[in-house]
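File shown: final_28.txt (compact mmCIF, N, CA and C atoms).
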# COMPACT_ATOMS: atom_id res chain seq x y z
N MET A 1 31.21 -94.91 -87.37
CA MET A 1 30.93 -95.74 -86.22
C MET A 1 31.71 -95.19 -85.02
N ALA A 2 31.02 -95.04 -83.94
CA ALA A 2 31.65 -94.56 -82.72
C ALA A 2 32.33 -95.73 -82.00
N TRP A 3 33.38 -95.43 -81.26
CA TRP A 3 34.14 -96.46 -80.56
C TRP A 3 34.19 -96.12 -79.08
N CYS A 4 33.79 -97.09 -78.24
CA CYS A 4 33.87 -96.92 -76.79
C CYS A 4 35.16 -97.59 -76.33
N GLN A 5 36.07 -96.79 -75.77
CA GLN A 5 37.38 -97.31 -75.35
C GLN A 5 37.24 -98.25 -74.16
N SER A 6 36.39 -97.94 -73.19
CA SER A 6 36.29 -98.77 -71.99
C SER A 6 35.58 -100.10 -72.27
N CYS A 7 34.57 -100.10 -73.14
CA CYS A 7 33.87 -101.34 -73.49
C CYS A 7 34.56 -102.09 -74.63
N GLU A 8 35.42 -101.38 -75.36
CA GLU A 8 36.13 -101.92 -76.51
C GLU A 8 35.16 -102.49 -77.55
N ARG A 9 34.22 -101.65 -77.98
CA ARG A 9 33.28 -102.07 -79.01
C ARG A 9 32.82 -100.87 -79.81
N TYR A 10 32.38 -101.18 -81.02
CA TYR A 10 31.84 -100.15 -81.90
C TYR A 10 30.37 -99.94 -81.58
N LEU A 11 29.92 -98.71 -81.71
CA LEU A 11 28.52 -98.37 -81.45
C LEU A 11 27.96 -97.62 -82.65
N THR A 12 26.76 -97.99 -83.03
CA THR A 12 26.09 -97.26 -84.10
C THR A 12 25.45 -96.01 -83.51
N PRO A 13 25.17 -95.01 -84.33
CA PRO A 13 24.56 -93.79 -83.80
C PRO A 13 23.23 -94.03 -83.10
N SER A 14 22.49 -95.05 -83.53
CA SER A 14 21.19 -95.31 -82.90
C SER A 14 21.32 -95.94 -81.52
N THR A 15 22.47 -96.55 -81.20
CA THR A 15 22.64 -97.17 -79.88
C THR A 15 23.19 -96.21 -78.84
N LEU A 16 23.66 -95.04 -79.24
CA LEU A 16 24.18 -94.07 -78.29
C LEU A 16 23.04 -93.43 -77.51
N THR A 17 23.35 -92.95 -76.33
CA THR A 17 22.33 -92.25 -75.55
C THR A 17 22.09 -90.87 -76.16
N SER A 18 21.12 -90.16 -75.65
CA SER A 18 20.80 -88.84 -76.20
C SER A 18 21.95 -87.85 -76.01
N GLU A 19 22.79 -88.08 -75.00
CA GLU A 19 23.96 -87.22 -74.77
C GLU A 19 25.15 -87.62 -75.64
N GLY A 20 25.03 -88.75 -76.34
CA GLY A 20 26.13 -89.22 -77.18
C GLY A 20 27.14 -90.07 -76.44
N THR A 21 26.71 -90.69 -75.33
CA THR A 21 27.62 -91.53 -74.56
C THR A 21 27.27 -93.00 -74.75
N CYS A 22 28.16 -93.87 -74.27
CA CYS A 22 27.96 -95.31 -74.37
C CYS A 22 26.82 -95.74 -73.45
N PRO A 23 25.88 -96.56 -73.93
CA PRO A 23 24.78 -96.99 -73.06
C PRO A 23 25.22 -97.99 -71.99
N GLY A 24 26.33 -98.68 -72.20
CA GLY A 24 26.79 -99.68 -71.24
C GLY A 24 27.53 -99.09 -70.06
N CYS A 25 28.50 -98.23 -70.33
CA CYS A 25 29.34 -97.69 -69.25
C CYS A 25 29.15 -96.20 -69.03
N GLY A 26 28.51 -95.51 -69.96
CA GLY A 26 28.26 -94.08 -69.80
C GLY A 26 29.44 -93.20 -70.17
N ALA A 27 30.49 -93.78 -70.72
CA ALA A 27 31.68 -93.01 -71.08
C ALA A 27 31.46 -92.30 -72.42
N GLU A 28 32.23 -91.23 -72.60
CA GLU A 28 32.20 -90.53 -73.89
C GLU A 28 32.79 -91.44 -74.95
N VAL A 29 32.16 -91.47 -76.11
CA VAL A 29 32.66 -92.31 -77.20
C VAL A 29 33.53 -91.47 -78.12
N GLN A 30 34.46 -92.14 -78.78
CA GLN A 30 35.35 -91.48 -79.72
C GLN A 30 34.80 -91.68 -81.12
N HIS A 31 34.70 -90.59 -81.85
CA HIS A 31 34.25 -90.65 -83.23
C HIS A 31 35.48 -90.64 -84.13
N PRO A 32 35.48 -91.47 -85.17
CA PRO A 32 36.64 -91.50 -86.07
C PRO A 32 36.74 -90.20 -86.87
N PRO A 33 37.94 -89.83 -87.28
CA PRO A 33 38.07 -88.61 -88.09
C PRO A 33 37.44 -88.80 -89.45
N GLU A 34 37.01 -87.70 -90.03
CA GLU A 34 36.41 -87.76 -91.37
C GLU A 34 37.47 -88.20 -92.38
N PRO A 35 37.11 -89.10 -93.27
CA PRO A 35 38.11 -89.53 -94.26
C PRO A 35 38.44 -88.39 -95.23
N SER A 36 39.70 -88.29 -95.56
CA SER A 36 40.11 -87.25 -96.50
C SER A 36 39.83 -87.72 -97.92
N ALA A 37 39.79 -86.79 -98.82
CA ALA A 37 39.52 -87.12 -100.23
C ALA A 37 40.69 -87.93 -100.78
N PRO A 38 40.40 -88.99 -101.53
CA PRO A 38 41.49 -89.79 -102.07
C PRO A 38 42.29 -89.01 -103.12
N VAL A 39 43.57 -89.26 -103.12
CA VAL A 39 44.44 -88.61 -104.09
C VAL A 39 44.31 -89.34 -105.42
N ALA A 40 44.11 -88.58 -106.47
CA ALA A 40 43.95 -89.19 -107.80
C ALA A 40 45.28 -89.81 -108.24
N ASP A 41 45.21 -91.05 -108.68
CA ASP A 41 46.40 -91.72 -109.16
C ASP A 41 46.68 -91.31 -110.60
N ARG A 42 47.95 -91.39 -110.96
CA ARG A 42 48.32 -91.09 -112.35
C ARG A 42 47.91 -92.26 -113.22
N ILE A 43 47.61 -91.95 -114.47
CA ILE A 43 47.25 -92.99 -115.43
C ILE A 43 48.53 -93.70 -115.84
N PRO A 44 48.56 -95.03 -115.80
CA PRO A 44 49.79 -95.77 -116.10
C PRO A 44 50.25 -95.56 -117.54
N TRP A 45 51.55 -95.67 -117.76
CA TRP A 45 52.14 -95.44 -119.08
C TRP A 45 51.64 -96.46 -120.09
N HIS A 46 51.38 -97.70 -119.67
CA HIS A 46 50.96 -98.71 -120.63
C HIS A 46 49.53 -98.46 -121.13
N PHE A 47 48.74 -97.71 -120.38
CA PHE A 47 47.43 -97.32 -120.88
C PHE A 47 47.59 -96.37 -122.07
N TRP A 48 48.50 -95.39 -121.93
CA TRP A 48 48.74 -94.45 -123.02
C TRP A 48 49.33 -95.17 -124.23
N LEU A 49 50.18 -96.17 -123.99
CA LEU A 49 50.74 -96.95 -125.09
C LEU A 49 49.63 -97.70 -125.82
N LEU A 50 48.73 -98.32 -125.08
CA LEU A 50 47.60 -99.04 -125.68
C LEU A 50 46.69 -98.07 -126.45
N LEU A 51 46.45 -96.91 -125.89
CA LEU A 51 45.62 -95.91 -126.55
C LEU A 51 46.25 -95.43 -127.86
N GLY A 52 47.56 -95.20 -127.84
CA GLY A 52 48.27 -94.80 -129.05
C GLY A 52 48.25 -95.89 -130.11
N ALA A 53 48.46 -97.15 -129.68
CA ALA A 53 48.43 -98.27 -130.63
C ALA A 53 47.04 -98.42 -131.24
N ALA A 54 46.00 -98.23 -130.45
CA ALA A 54 44.63 -98.33 -130.97
C ALA A 54 44.36 -97.21 -131.97
N ALA A 55 44.86 -96.01 -131.69
CA ALA A 55 44.67 -94.89 -132.62
C ALA A 55 45.39 -95.14 -133.94
N VAL A 56 46.62 -95.67 -133.87
CA VAL A 56 47.36 -95.98 -135.10
C VAL A 56 46.63 -97.06 -135.88
N TYR A 57 46.16 -98.10 -135.20
CA TYR A 57 45.45 -99.18 -135.87
C TYR A 57 44.18 -98.67 -136.55
N LEU A 58 43.39 -97.90 -135.83
CA LEU A 58 42.14 -97.39 -136.41
C LEU A 58 42.42 -96.40 -137.54
N GLY A 59 43.49 -95.63 -137.42
CA GLY A 59 43.86 -94.74 -138.51
C GLY A 59 44.25 -95.52 -139.76
N TRP A 60 45.02 -96.59 -139.58
CA TRP A 60 45.40 -97.42 -140.72
C TRP A 60 44.18 -98.10 -141.35
N ARG A 61 43.25 -98.55 -140.52
CA ARG A 61 42.02 -99.16 -141.06
C ARG A 61 41.20 -98.13 -141.82
N ALA A 62 41.21 -96.88 -141.38
CA ALA A 62 40.50 -95.82 -142.11
C ALA A 62 41.16 -95.58 -143.47
N VAL A 63 42.50 -95.60 -143.51
CA VAL A 63 43.21 -95.45 -144.79
C VAL A 63 42.86 -96.60 -145.71
N GLN A 64 42.82 -97.82 -145.19
CA GLN A 64 42.45 -98.98 -146.01
C GLN A 64 41.01 -98.86 -146.51
N GLY A 65 40.11 -98.35 -145.68
CA GLY A 65 38.72 -98.20 -146.08
C GLY A 65 38.57 -97.18 -147.20
N VAL A 66 39.30 -96.08 -147.11
CA VAL A 66 39.26 -95.07 -148.16
C VAL A 66 39.86 -95.62 -149.44
N ALA A 67 40.96 -96.37 -149.33
CA ALA A 67 41.61 -96.96 -150.52
C ALA A 67 40.69 -97.97 -151.18
N LEU A 68 39.89 -98.67 -150.41
CA LEU A 68 38.96 -99.66 -150.96
C LEU A 68 37.88 -98.97 -151.79
N LEU A 69 37.46 -97.78 -151.37
CA LEU A 69 36.42 -97.05 -152.09
C LEU A 69 36.92 -96.43 -153.39
N LEU A 70 38.21 -96.18 -153.49
CA LEU A 70 38.75 -95.53 -154.70
C LEU A 70 39.05 -96.51 -155.74

Please rewrite the model in this file as C-alpha cells.
Amino acid sequence: MAWCQSCERYLTPSTLTSEGTCPGCGAEVQHPPEPSAPVADRIPWHFWLLLGAAAVYLGWRAVQGVALLL
C-alpha cells in the first residue's frame, strides 16, 4: 500500500494516477520497503522432550506387543 504524506492516507495501486502520484494532491507517494524473509525460530526444547518421550513410549509398546506374541 502506498502512503501519501501530505494527505496522510493509504492509497491502493488502482487509485494512483498513471504517473504513480496521489490523485488528491499530486504528490509523490511513498512505497513501503519490501518485507524481509522471516528468520526461522528454533524448535523449543520441550518439543524435543515430548518427541523423545513419545519414542520411548512407542518403543516400550512395541516390546510389549512382541512379548504378547511369544

Point to revise | Contact residues around segment 33-40 of chain A with only C-alpha atoms at 12 Å, ignoring same-chain residues under 4 positions, as a list in words | key: Met1, Ala2 and Trp3 of chain A

Those residues with N, CA and C atoms, as a tab-separated table (two decimals), in the coordinates of the input please?
chain	number	residue	atom	x	y	z
A	1	MET	N	31.21	-94.91	-87.37
A	1	MET	CA	30.93	-95.74	-86.22
A	1	MET	C	31.71	-95.19	-85.02
A	2	ALA	N	31.02	-95.04	-83.94
A	2	ALA	CA	31.65	-94.56	-82.72
A	2	ALA	C	32.33	-95.73	-82.00
A	3	TRP	N	33.38	-95.43	-81.26
A	3	TRP	CA	34.14	-96.46	-80.56
A	3	TRP	C	34.19	-96.12	-79.08

Practice item. For segment 16-26 of chain A, list every protein, DNA or RNA residue within 8 Å, evaluated using all atoms listed in the file, and leave out those in the same chain fewer than 2 positions away; present the list as a PyMOL selection string. Key: chain A and resi 3-4+6-7+11-14+28-30

**Study point:** Those of chain A in DSSP alpha helix (DSSP H), formatted as a ChimeraX atom specification
**Key:** /A:45-69

Exercise for review: Kindly give the distance, in Å, that separates atom CA of Gly65 of chain A and atom CA of Leu50 of chain A, rounded to a single decimal.
Suggested key: 22.3 Å

Exercise for review: Determine which residues of chain A DSSP labels as strand (DSSP E or B) from the backbone of this structure, then write them out as JSON, numbers by chain.
Suggested key: {"A": [2, 3, 4, 9, 10, 11, 21, 28, 30]}

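Between atom N of Arg61 of chain A and atom C of Arg42 of chain A the separation is 28.4 Å.
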
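The space separating atom N of Ala67 of chain A from atom CA of Trp48 of chain A comes to 27.5 Å.
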